[in-house]
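Enquirer: Take a look at work_34.cif, mmCIF, C-alpha atoms and all ligand atoms:
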```
data_protein
loop_
_atom_site.label_atom_id
_atom_site.label_comp_id
_atom_site.auth_asym_id
_atom_site.auth_seq_id
_atom_site.Cartn_x
_atom_site.Cartn_y
_atom_site.Cartn_z
CA MET A 9 71.14 2.12 -202.84
CA THR A 10 72.53 0.27 -199.82
CA PRO A 11 76.09 1.12 -198.69
CA LEU A 12 77.17 -2.37 -199.76
CA THR A 13 75.78 -1.87 -203.26
CA ALA A 14 78.43 0.81 -203.67
CA VAL A 15 81.16 -1.32 -202.07
CA LEU A 16 80.43 -4.39 -204.22
CA ALA A 17 79.83 -2.39 -207.42
CA ALA A 18 83.23 -0.72 -206.96
CA GLU A 19 84.91 -4.08 -206.38
CA ILE A 20 83.35 -5.55 -209.54
CA SER A 21 84.06 -2.47 -211.63
CA ALA A 22 87.73 -2.66 -210.63
CA GLY A 23 88.34 -6.41 -210.92
CA GLY A 24 85.47 -7.95 -212.90
CA PRO A 25 82.66 -10.27 -211.76
CA ILE A 26 83.06 -11.82 -208.30
CA PRO A 27 82.10 -15.34 -207.12
CA PHE A 28 78.60 -15.46 -205.62
CA ARG A 29 80.17 -16.72 -202.38
CA ARG A 30 82.05 -13.43 -202.04
CA PHE A 31 78.85 -11.48 -202.72
CA MET A 32 76.90 -13.42 -200.05
CA GLU A 33 79.66 -13.21 -197.47
CA THR A 34 79.95 -9.44 -197.95
CA ALA A 35 76.16 -8.93 -197.95
CA LEU A 36 75.76 -10.79 -194.66
CA TYR A 37 78.99 -10.20 -192.76
CA HIS A 38 80.76 -7.05 -193.99
CA PRO A 39 81.89 -5.29 -190.80
CA GLY A 40 79.58 -2.32 -190.34
CA HIS A 41 77.22 -2.82 -193.30
CA GLY A 42 76.65 -6.61 -193.49
CA TYR A 43 73.11 -7.75 -192.79
CA TYR A 44 74.13 -9.43 -189.52
CA ARG A 45 76.57 -6.70 -188.54
CA ARG A 46 74.37 -3.59 -188.84
CA ALA A 47 73.07 -1.70 -185.85
CA SER A 48 69.42 -2.43 -186.74
CA ASP A 49 67.99 -5.73 -185.62
CA PRO A 50 66.85 -8.15 -188.36
CA PHE A 51 65.10 -10.52 -185.92
CA GLY A 52 61.62 -10.46 -184.46
CA LYS A 53 58.27 -9.09 -185.39
CA ASP A 54 59.56 -5.63 -186.37
CA GLY A 55 62.47 -7.15 -188.27
CA ASP A 56 62.62 -9.32 -191.39
CA PHE A 57 62.09 -12.79 -189.96
CA PHE A 58 61.81 -14.66 -186.73
CA THR A 59 63.43 -17.91 -185.73
CA ALA A 60 62.33 -20.55 -183.22
CA GLU A 61 64.72 -18.91 -180.75
CA GLN A 62 62.42 -15.92 -180.47
CA LEU A 63 59.66 -18.19 -179.17
CA GLN A 64 60.80 -17.94 -175.58
CA PRO A 65 60.51 -19.42 -173.08
CA VAL A 66 58.89 -22.48 -174.71
CA PHE A 67 61.55 -23.26 -177.31
CA GLY A 68 64.32 -22.70 -174.76
CA ARG A 69 62.68 -24.98 -172.21
CA LEU A 70 62.20 -27.78 -174.74
CA MET A 71 65.75 -27.53 -176.09
CA ALA A 72 67.18 -27.43 -172.55
CA ALA A 73 65.16 -30.58 -171.78
CA LEU A 74 66.56 -32.24 -174.91
CA ALA A 75 70.14 -31.32 -173.97
CA GLY A 76 69.47 -32.53 -170.42
CA SER A 77 68.21 -35.90 -171.66
CA LEU A 78 71.29 -36.32 -173.86
CA ARG A 79 73.47 -35.52 -170.84
CA ASP A 80 71.58 -38.14 -168.80
CA LYS A 81 72.16 -40.70 -171.56
CA MET A 82 75.87 -39.98 -171.21
CA GLY A 83 75.70 -40.93 -167.55
CA GLY A 84 75.49 -37.38 -166.25
CA ALA A 85 78.91 -36.30 -167.69
CA PRO A 86 80.14 -33.83 -165.03
CA GLU A 87 82.19 -31.77 -167.50
CA PHE A 88 79.29 -31.06 -169.82
CA SER A 89 79.28 -27.93 -171.97
CA LEU A 90 76.58 -26.57 -174.21
CA VAL A 91 78.17 -24.76 -177.14
CA GLU A 92 75.88 -22.76 -179.40
CA LEU A 93 77.04 -21.95 -182.93
CA GLY A 94 75.62 -18.69 -184.30
CA ALA A 95 74.03 -17.64 -181.01
CA GLY A 96 72.56 -14.48 -182.61
CA ARG A 97 70.78 -12.38 -180.00
CA MET A 98 71.67 -14.84 -177.21
CA GLU A 99 68.05 -15.78 -176.82
CA MET A 100 68.89 -19.28 -175.62
CA ALA A 101 71.08 -17.96 -172.77
CA PRO A 102 68.40 -18.03 -170.01
CA ALA A 103 67.22 -21.53 -170.96
CA PHE A 104 70.77 -22.87 -171.17
CA SER A 105 71.97 -21.19 -167.97
CA ALA A 106 71.85 -24.52 -166.09
CA PHE A 107 74.65 -25.77 -168.38
CA ASN A 108 78.13 -24.48 -168.96
CA TYR A 109 76.78 -22.41 -171.88
CA ILE A 110 79.28 -21.16 -174.45
CA PRO A 111 77.76 -18.98 -177.18
CA VAL A 112 79.84 -18.67 -180.36
CA GLU A 113 79.19 -15.75 -182.70
CA LYS A 114 81.23 -14.10 -185.41
CA GLU A 115 84.23 -12.62 -183.63
CA ARG A 116 82.58 -13.26 -180.22
CA GLY A 117 83.06 -16.44 -178.25
CA GLU A 118 85.20 -19.44 -179.12
CA MET A 119 84.43 -23.13 -179.23
CA PRO A 120 86.60 -24.81 -176.52
CA GLU A 121 89.67 -26.71 -177.75
CA ARG A 122 88.34 -29.95 -176.25
CA PHE A 123 85.01 -30.56 -174.62
CA THR A 124 82.23 -33.01 -173.82
CA GLY A 125 78.63 -32.01 -174.30
CA VAL A 126 76.24 -30.68 -176.91
CA VAL A 127 76.76 -28.39 -179.87
CA PHE A 128 73.51 -26.60 -180.62
CA ALA A 129 72.98 -24.78 -183.94
CA ASN A 130 69.64 -23.22 -184.86
CA GLU A 131 69.53 -21.73 -188.36
CA PHE A 132 73.31 -21.51 -188.35
CA PHE A 133 74.27 -23.66 -191.35
CA ASP A 134 71.77 -21.94 -193.67
CA ALA A 135 73.43 -18.58 -193.00
CA LEU A 136 76.90 -19.63 -194.17
CA PRO A 137 78.10 -18.30 -197.54
CA VAL A 138 77.83 -20.80 -200.40
CA ASP A 139 79.25 -21.27 -203.88
CA LEU A 140 76.64 -21.34 -206.62
CA LEU A 141 77.17 -23.69 -209.57
CA ALA A 142 75.25 -24.12 -212.83
CA ALA A 143 75.12 -27.37 -214.81
CA ARG A 144 76.36 -26.60 -218.30
CA GLY A 145 77.46 -28.95 -221.10
CA GLY A 146 78.12 -31.96 -218.89
CA THR A 147 80.04 -30.09 -216.20
CA TRP A 148 79.44 -27.47 -213.51
CA ARG A 149 80.34 -23.80 -213.89
CA GLU A 150 80.72 -21.32 -211.08
CA MET A 151 78.18 -18.50 -211.00
CA LEU A 152 79.60 -15.01 -210.60
CA VAL A 153 78.03 -11.64 -209.96
CA GLY A 154 78.58 -8.73 -212.35
CA TRP A 155 77.47 -5.08 -212.29
CA ARG A 156 75.85 -3.33 -215.27
CA GLU A 157 73.47 -0.40 -215.65
CA ASP A 158 73.21 0.07 -211.90
CA ARG A 159 72.19 -3.51 -211.23
CA PHE A 160 73.89 -6.70 -210.16
CA HIS A 161 73.45 -9.57 -212.59
CA TRP A 162 74.51 -13.20 -212.96
CA VAL A 163 77.55 -14.15 -215.02
CA GLU A 164 78.51 -17.72 -215.83
CA GLY A 165 82.17 -18.30 -214.97
CA ASP A 166 84.70 -21.07 -215.59
CA GLU A 167 84.37 -24.69 -214.62
CA ALA A 168 84.03 -25.00 -210.83
CA ALA A 169 87.10 -25.77 -208.69
CA PRO A 170 87.86 -29.46 -207.97
CA ARG A 171 86.33 -29.59 -204.45
CA GLN A 172 83.10 -27.95 -205.60
CA LEU A 173 82.98 -30.24 -208.66
CA GLU A 174 83.47 -33.32 -206.51
CA TYR A 175 80.64 -32.22 -204.20
CA ALA A 176 78.28 -31.44 -207.09
CA ARG A 177 78.99 -34.75 -208.85
CA ARG A 178 78.45 -36.64 -205.61
CA TYR A 179 75.09 -35.10 -204.76
CA LEU A 180 73.68 -34.38 -208.21
CA PRO A 181 75.35 -36.78 -210.65
CA ALA A 182 73.00 -36.29 -213.60
CA PRO A 183 71.67 -32.73 -213.55
CA GLU A 184 69.42 -31.25 -216.20
CA GLU A 185 71.14 -28.55 -218.24
CA GLY A 186 70.95 -25.23 -216.40
CA THR A 187 70.29 -26.70 -212.94
CA LEU A 188 71.59 -24.51 -210.13
CA LEU A 189 73.22 -26.00 -207.04
CA GLU A 190 74.60 -24.38 -203.91
CA VAL A 191 77.75 -25.89 -202.45
CA ASN A 192 78.17 -25.23 -198.75
CA LEU A 193 81.76 -26.22 -198.00
CA ASP A 194 81.79 -23.93 -194.93
CA ALA A 195 79.15 -26.15 -193.31
CA LEU A 196 81.40 -29.19 -193.80
CA GLU A 197 84.38 -27.28 -192.43
CA TRP A 198 82.38 -26.30 -189.32
CA LEU A 199 81.51 -29.95 -188.81
CA GLU A 200 85.21 -30.83 -189.10
CA ARG A 201 86.04 -28.19 -186.48
CA VAL A 202 83.35 -29.56 -184.17
CA ALA A 203 84.53 -33.16 -184.68
CA SER A 204 88.12 -32.25 -183.84
CA ARG A 205 87.09 -30.58 -180.55
CA LEU A 206 84.08 -32.54 -179.31
CA GLU A 207 85.45 -35.58 -177.49
CA ARG A 208 82.11 -37.04 -176.59
CA GLY A 209 78.59 -35.81 -177.12
CA TRP A 210 76.03 -34.62 -179.60
CA VAL A 211 75.36 -32.07 -182.29
CA ILE A 212 71.79 -30.75 -182.55
CA ALA A 213 71.37 -28.82 -185.79
CA ILE A 214 67.96 -27.34 -186.60
CA ASP A 215 67.45 -25.91 -190.04
CA TYR A 216 65.47 -26.16 -193.22
CA GLY A 217 66.98 -28.20 -195.96
CA TYR A 218 66.87 -31.33 -198.07
CA THR A 219 68.34 -34.79 -198.39
CA ALA A 220 70.24 -35.75 -201.57
CA ARG A 221 67.18 -37.63 -202.81
CA GLU A 222 65.05 -34.49 -202.49
CA LEU A 223 67.60 -32.30 -204.28
CA ILE A 224 65.96 -32.98 -207.63
CA ARG A 225 63.05 -30.80 -206.43
CA PHE A 226 65.19 -27.67 -206.53
CA PRO A 227 66.45 -27.25 -210.11
CA GLU A 228 66.68 -23.49 -209.54
CA GLY A 229 68.63 -23.86 -206.31
CA THR A 230 67.37 -22.80 -202.91
CA LEU A 231 68.79 -19.32 -202.42
CA MET A 232 66.28 -17.08 -200.74
CA SER A 233 66.22 -13.56 -199.47
CA TYR A 234 64.06 -12.23 -196.63
CA ARG A 235 62.74 -8.78 -195.94
CA ARG A 236 59.90 -7.91 -193.58
CA HIS A 237 58.77 -11.52 -193.35
CA THR A 238 58.47 -11.88 -197.13
CA ALA A 239 60.58 -14.38 -199.06
CA LEU A 240 62.09 -12.83 -202.17
CA GLU A 241 63.88 -14.64 -204.93
CA ASP A 242 66.17 -11.88 -206.15
CA VAL A 243 69.10 -12.40 -203.82
CA LEU A 244 71.24 -9.84 -205.65
CA SER A 245 69.30 -6.71 -204.83
CA GLU A 246 69.93 -4.53 -201.79
CA PRO A 247 73.01 -6.38 -200.46
CA GLY A 248 73.21 -5.85 -196.68
CA GLY A 249 69.54 -4.81 -196.59
CA ARG A 250 68.10 -8.35 -196.52
CA ASP A 251 68.95 -11.79 -195.38
CA ILE A 252 70.23 -14.41 -197.83
CA THR A 253 69.93 -18.13 -197.02
CA ALA A 254 70.53 -21.46 -198.73
CA HIS A 255 68.79 -24.69 -197.68
CA VAL A 256 71.05 -27.13 -195.88
CA ASN A 257 72.13 -30.35 -197.60
CA PHE A 258 71.54 -32.72 -194.67
CA THR A 259 72.90 -35.72 -196.58
CA ALA A 260 76.22 -33.93 -197.08
CA LEU A 261 76.38 -33.16 -193.35
CA MET A 262 75.52 -36.75 -192.40
CA ASP A 263 78.04 -38.23 -194.86
CA ARG A 264 80.81 -35.99 -193.53
CA ALA A 265 79.79 -36.72 -189.93
CA MET A 266 80.17 -40.46 -190.51
CA GLU A 267 83.60 -39.91 -192.10
CA LEU A 268 84.58 -37.81 -189.06
CA GLY A 269 83.77 -40.49 -186.49
CA PHE A 270 80.18 -39.68 -185.53
CA ALA A 271 78.42 -43.00 -185.12
CA HIS A 272 74.82 -41.95 -184.77
CA THR A 273 72.98 -39.72 -187.16
CA ARG A 274 69.28 -39.05 -187.05
CA LEU A 275 67.30 -36.67 -189.23
CA GLU A 276 63.70 -35.92 -188.33
CA ARG A 277 61.13 -33.16 -188.61
CA LEU A 278 61.43 -30.61 -185.80
CA VAL A 279 57.87 -31.44 -184.74
CA GLN A 280 59.00 -34.99 -183.99
CA THR A 281 61.88 -33.75 -181.84
CA LEU A 282 59.56 -31.42 -179.92
CA MET A 283 56.94 -34.14 -179.41
CA THR A 284 59.55 -36.59 -178.08
CA VAL A 285 60.82 -34.02 -175.58
CA GLY A 286 57.38 -32.75 -174.59
CA GLU A 287 55.48 -36.00 -174.34
CA LYS A 288 57.23 -37.02 -171.10
CA ASP A 289 55.00 -34.64 -169.13
CA GLN A 290 52.50 -33.60 -171.82
CA PHE A 291 54.40 -30.30 -172.21
CA ALA A 292 53.58 -29.34 -168.60
CA SER A 293 57.06 -27.98 -167.81
CA ALA A 294 57.32 -26.19 -171.17
CA LEU A 295 54.00 -24.44 -170.47
CA ALA A 296 54.48 -23.73 -166.76
CA ALA A 297 53.14 -20.19 -166.21
CA GLY A 298 52.28 -17.86 -163.36
CA SER A 299 48.97 -16.62 -164.80
CA ASP A 300 46.27 -17.60 -167.28
CA ALA A 301 47.36 -14.84 -169.67
CA GLU A 302 50.94 -16.11 -169.57
CA ARG A 303 49.78 -19.67 -170.14
CA THR A 304 47.80 -18.55 -173.20
CA ARG A 305 50.90 -16.83 -174.57
CA LEU A 306 53.01 -19.96 -174.03
CA THR A 307 50.38 -22.22 -175.59
CA LEU A 308 50.44 -20.04 -178.68
CA GLN A 309 54.23 -20.35 -178.83
CA LEU A 310 53.97 -24.12 -178.60
CA LYS A 311 51.39 -24.22 -181.40
CA THR A 312 53.60 -22.06 -183.63
CA LEU A 313 56.50 -24.38 -182.94
CA LEU A 314 54.62 -27.62 -183.50
CA PHE A 315 52.34 -26.74 -186.38
CA GLY A 316 54.27 -23.93 -188.08
CA MET A 317 58.01 -24.32 -187.77
CA GLY A 318 57.87 -27.95 -186.70
CA GLU A 319 56.69 -29.04 -190.13
CA THR A 320 59.19 -27.05 -192.21
CA PHE A 321 62.31 -27.36 -190.10
CA ARG A 322 64.30 -30.50 -189.42
CA THR A 323 66.53 -31.64 -186.62
CA LEU A 324 69.80 -33.37 -187.37
CA LEU A 325 71.22 -35.24 -184.38
CA LEU A 326 74.80 -36.48 -184.56
CA GLY A 327 76.39 -38.51 -181.77
CA LYS A 328 80.08 -39.07 -181.15
CA ASN A 329 81.49 -41.62 -178.71
CA VAL A 330 78.06 -41.97 -177.10
CA ARG A 331 75.48 -44.70 -176.84
CA GLN A 332 72.28 -44.22 -178.83
C1 LIG A 401 70.02 -16.93 -189.04
S1 LIG A 401 71.02 -16.40 -187.71
C2 LIG A 401 70.44 -17.45 -186.40
C3 LIG A 401 70.68 -16.88 -185.04
C4 LIG A 401 70.08 -17.70 -183.88
N1 LIG A 401 70.68 -19.01 -183.80
C5 LIG A 401 68.58 -17.83 -184.03
O1 LIG A 401 68.09 -18.92 -184.33
O2 LIG A 401 67.87 -16.82 -183.84
C6 LIG A 401 72.63 -17.05 -188.07
C7 LIG A 401 73.67 -16.60 -187.06
O3 LIG A 401 74.91 -17.28 -187.35
C8 LIG A 401 75.96 -16.36 -187.12
N2 LIG A 401 77.19 -16.77 -187.84
C9 LIG A 401 77.37 -16.83 -189.16
N3 LIG A 401 78.64 -17.19 -189.48
C10 LIG A 401 79.26 -17.40 -188.30
C11 LIG A 401 80.57 -17.80 -187.95
N4 LIG A 401 81.50 -18.04 -188.88
N5 LIG A 401 80.88 -17.91 -186.63
C12 LIG A 401 79.94 -17.67 -185.68
N6 LIG A 401 78.67 -17.27 -185.95
C13 LIG A 401 78.33 -17.13 -187.24
C14 LIG A 401 75.39 -15.04 -187.64
O4 LIG A 401 76.12 -13.92 -187.18
C15 LIG A 401 73.96 -15.11 -187.14
O5 LIG A 401 73.82 -14.55 -185.86
#
```
Starting from the coordinates I provided, produce the structure as structure tokens.
Expert:
Amino acid sequence: MTPLTAVLAAEISAGGPIPFRRFMETALYHPGHGYYRRASDPFGKDGDFFTAEQLQPVFGRLMAALAGSLRDKMGGAPEFSLVELGAGRMEMAPAFSAFNYIPVEKERGEMPERFTGVVFANEFFDALPVDLLAARGGTWREMLVGWREDRFHWVEGDEAAPRQLEYARRYLPAPEEGTLLEVNLDALEWLERVASRLERGWVIAIDYGYTARELIRFPEGTLMSYRRHTALEDVLSEPGGRDITAHVNFTALMDRAMELGFAHTRLERLVQTLMTVGEKDQFASALAAGSDAERTRLTLQLKTLLFGMGETFRTLLLGKNVRQ
């Protein structure tokens, strides 16, 4: 039993089933026992998963080149900051050191009040806690988590709150009975925060996710749990012992971005982004190495990025007060 199993079981036993959002937030971010707050490291080959950020230096070099080209498009912008949301292990720090790099993590680092530049977010939005709704009898009900016979289990709650209902009706207007849908209002709130502080510049968000048109492919929702590089569907077991993610609704982010004054939005596969950045010099600067062995290692990183992650991840580019 993980320490958080006891914490959450006690909470449910005292007050009844809790919203899934509360379960996910506690499982990932409980101080001390949350998956991202424990002493042991979830990232990398000995951990549970790896992200593109662990493919250094190639990913860092390519993303720094992308940020640099966006800065050039803005006419050089002397006061240019590179803010990273969910900087994790700070793996982008060496690559972004040529910029005024501001990493933002839970309780570490703050987004500036006003700035010009780029907001970079790799696998940030998919790690935010979500509400889970179920389509039932022509409306949406909130899914809760209960505790019985030493196990967590799903409990169908009341009709969802107005904001969640509005979101669900907008993105899935005619769901099949029983369809599950995650509602990520935190992602929209983060975008609002960014929009209110970014005077001029770009957001680069890399994640896996879907557009509203593709949502129909996920009648069981997209919640996923990771342990030792294996995707598991039971997100309720071992809270704090495994990652929990939800695919990002890119249409919802783009819609909100347009409402918030972003004028350019572009969604593409990560491989396309990497090819555009790398093609300028046929990836020569991304693969620059001091030895043949090093060059082999970097070539492998590039292949993993292009042919592995590049196909499953997408890049969302949002521009505010900039020319395309
Ligand atoms: C899946 S990890 C990705 C880390 C890193 N970007 C990478 O690609 O390796 C998500 C990160 O977002 C951070 N995060 C989640 N909620 C946050 C918040 N409200 N403020 C700042 N960081 C947050 C987590 O602590 C975690 O490090």
Enquirer: Taking (82.4, -39.4, -187.7) as a centre in this file's frame and 10 Å as the limit, can you find every polymer residue with an atom that close, using all atoms listed in the file, and give them as JSON, numbers by chain?
Expert: {"A": [199, 200, 203, 204, 262, 263, 264, 265, 266, 267, 268, 269, 270, 271, 272, 273, 326, 327, 328, 329]}
Enquirer: Check which residues of chain A sit at most 8 Å from ligand LIG 401 (chain A) using only C-alpha atoms and all ligand atoms, and return one row each with the closest pair of atoms and their distance in Å to one decimal, ordered by chain and rising number, as a Markdown table.
Expert:
```
| residue | atom | partner | partner_atom | distance |
| --- | --- | --- | --- | --- |
| A:Tyr37 | CA | A:LIG401 | O4 | 7.3 |
| A:Tyr44 | CA | A:LIG401 | O4 | 5.4 |
| A:Arg45 | CA | A:LIG401 | O4 | 7.4 |
| A:Phe51 | CA | A:LIG401 | O2 | 7.2 |
| A:Phe58 | CA | A:LIG401 | O2 | 7.1 |
| A:Thr59 | CA | A:LIG401 | O2 | 4.9 |
| A:Ala60 | CA | A:LIG401 | O1 | 6.1 |
| A:Glu61 | CA | A:LIG401 | O2 | 4.9 |
| A:Gln62 | CA | A:LIG401 | O2 | 6.5 |
| A:Glu92 | CA | A:LIG401 | N1 | 7.8 |
| A:Leu93 | CA | A:LIG401 | N6 | 5.8 |
| A:Gly94 | CA | A:LIG401 | O3 | 3.4 |
| A:Ala95 | CA | A:LIG401 | N1 | 4.6 |
| A:Gly96 | CA | A:LIG401 | O5 | 3.5 |
| A:Arg97 | CA | A:LIG401 | O2 | 6.6 |
| A:Met98 | CA | A:LIG401 | C4 | 7.4 |
| A:Glu99 | CA | A:LIG401 | O2 | 7.1 |
| A:Val112 | CA | A:LIG401 | C12 | 5.4 |
| A:Glu113 | CA | A:LIG401 | C12 | 3.6 |
| A:Lys114 | CA | A:LIG401 | C12 | 3.8 |
| A:Glu115 | CA | A:LIG401 | C12 | 6.9 |
| A:Arg116 | CA | A:LIG401 | C12 | 7.5 |
| A:Ala129 | CA | A:LIG401 | N1 | 6.2 |
| A:Asn130 | CA | A:LIG401 | N1 | 4.5 |
| A:Glu131 | CA | A:LIG401 | C2 | 4.8 |
| A:Phe132 | CA | A:LIG401 | C6 | 4.5 |
| A:Phe133 | CA | A:LIG401 | O3 | 7.6 |
| A:Asp134 | CA | A:LIG401 | C1 | 7.0 |
| A:Ala135 | CA | A:LIG401 | C6 | 5.2 |
| A:Leu136 | CA | A:LIG401 | N3 | 5.6 |
```
Enquirer: Would you mind telling me which residue in A:Met232, A:Arg122, A:Glu246, A:Arg144 lies nearest to Asp158 of chain A when using all atoms listed in the file?
Expert: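 Closest to Asp158 of chain A, using all atoms listed in the file: A:Glu246.
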Enquirer: Can you tell me, as a ChimeraX atom specification, what residues are no more than 12 Å from Ala22 of chain A when counting only C-alpha atoms, ignoring any on the same chain fewer than 6 positions away?
Expert: /A:15-16,154-155
Enquirer: Can you tell me how far atom CA of Leu308 of chain A sits from atom CA of Ala213 of chain A, in Å to one decimal?
Expert: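 Separation of atom CA of Leu308 of chain A and atom CA of Ala213 of chain A: 23.8 Å.
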Enquirer: Would you kindly return, as a PyMOL selection string, each protein, DNA or RNA residue with an atom no farther than 8 Å from any atom of Phe123 of chain A, considering all atoms listed in the file and excluding same-chain residues fewer than 3 positions away?
Expert: chain A and resi 87-89+120+205-208
Enquirer: Keeping only C-alpha atoms, write the selected residues to a file as a PDB file, keeping the file's coordinate frame.
Expert:
```pdb
ATOM      1  CA  GLU A  87      82.190 -31.770-167.500  1.00  0.00           C
ATOM      2  CA  PHE A  88      79.290 -31.060-169.820  1.00  0.00           C
ATOM      3  CA  SER A  89      79.280 -27.930-171.970  1.00  0.00           C
ATOM      4  CA  PRO A 120      86.600 -24.810-176.520  1.00  0.00           C
ATOM      5  CA  ARG A 205      87.090 -30.580-180.550  1.00  0.00           C
ATOM      6  CA  LEU A 206      84.080 -32.540-179.310  1.00  0.00           C
ATOM      7  CA  GLU A 207      85.450 -35.580-177.490  1.00  0.00           C
ATOM      8  CA  ARG A 208      82.110 -37.040-176.590  1.00  0.00           C
TER       9      ARG A 208
END
```
Enquirer: Neighbouring residues of Ile212 of chain A were defined as those with any atom within 6 Å, considering only C-alpha atoms; residues of the same chain fewer than 3 positions away were excluded. Please report them as an NGL selection string.
Expert: :A and (128 or 324-325)
Enquirer: Please, what distance in Å, to one decimal, runs between atom CA of Pro227 of chain A and atom CA of Leu140 of chain A?
Expert: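 Here the two named atoms are 12.3 Å from each other.
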Enquirer: Nearest residue to Leu282 of chain A out of A:Leu306, A:Met317, A:Val127, A:Val202, using only C-alpha atoms?
Expert: A:Met317
Enquirer: List the neighbours of Thr281 of chain A out to 10 Å using only C-alpha atoms; skip same-chain residues closer than 5 positions along the sequence, and give me the result as a PyMOL selection string.
Expert: chain A and resi 70-71+74+275-276+286+314+318+322-325
Enquirer: Have a look at atom CA of Gly68 of chain A and atom CA of Val211 of chain A and let me know their distance in Å, one decimal.
Expert: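 That distance, rounded to one decimal, is 16.3 Å.
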Enquirer: Could you check the closest approach to Pro183 of chain A for each of A:Asp139, A:Glu228, A:Asp215, A:Glu157 and tell me which residue wins, using all atoms listed in the file?
Expert: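 The closest residue to Pro183 of chain A is A:Glu228.
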Enquirer: Within 10 Å of Arg156 of chain A, counting all atoms listed in the file, which residues qualify if same-chain residues fewer than 3 places away don't, as an MDAnalysis selection string?
Expert: chainID A and resid 17 20:21 159:161
Enquirer: Please put the answer as AutoDock Vina command-line options: centre and edge lengths, in Å with one decimal, of a box along x, y and z that encloses all listed atoms of segment 270-273 of chain A plus 4 Å on each side.
Expert:
```
--center_x 76.6 --center_y -41.3 --center_z -186.0 --size_x 15.2 --size_y 11.3 --size_z 10.4
```
Enquirer: Between A:Pro27, A:Gly146, A:Gly248, A:Pro65, which one has atoms that come closest to Leu313 of chain A, using all atoms listed in the file?
Expert: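 Result for the nearest residue to Leu313 of chain A: A:Pro65.
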Enquirer: Calculated over only C-alpha atoms, which of the candidates A:Ala35, A:Arg69, A:Glu121, A:Arg250 has the smallest distance to Ala296 of chain A?
Expert: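 Of all the options, A:Arg69 lies closest to Ala296 of chain A.
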Enquirer: Just checking: using all atoms listed in the file, which residue out of A:Thr124, A:Val256, A:Asp242, A:Val91 ends up closest to Ile110 of chain A?
Expert: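 Smallest separation from Ile110 of chain A among the options: A:Val91.
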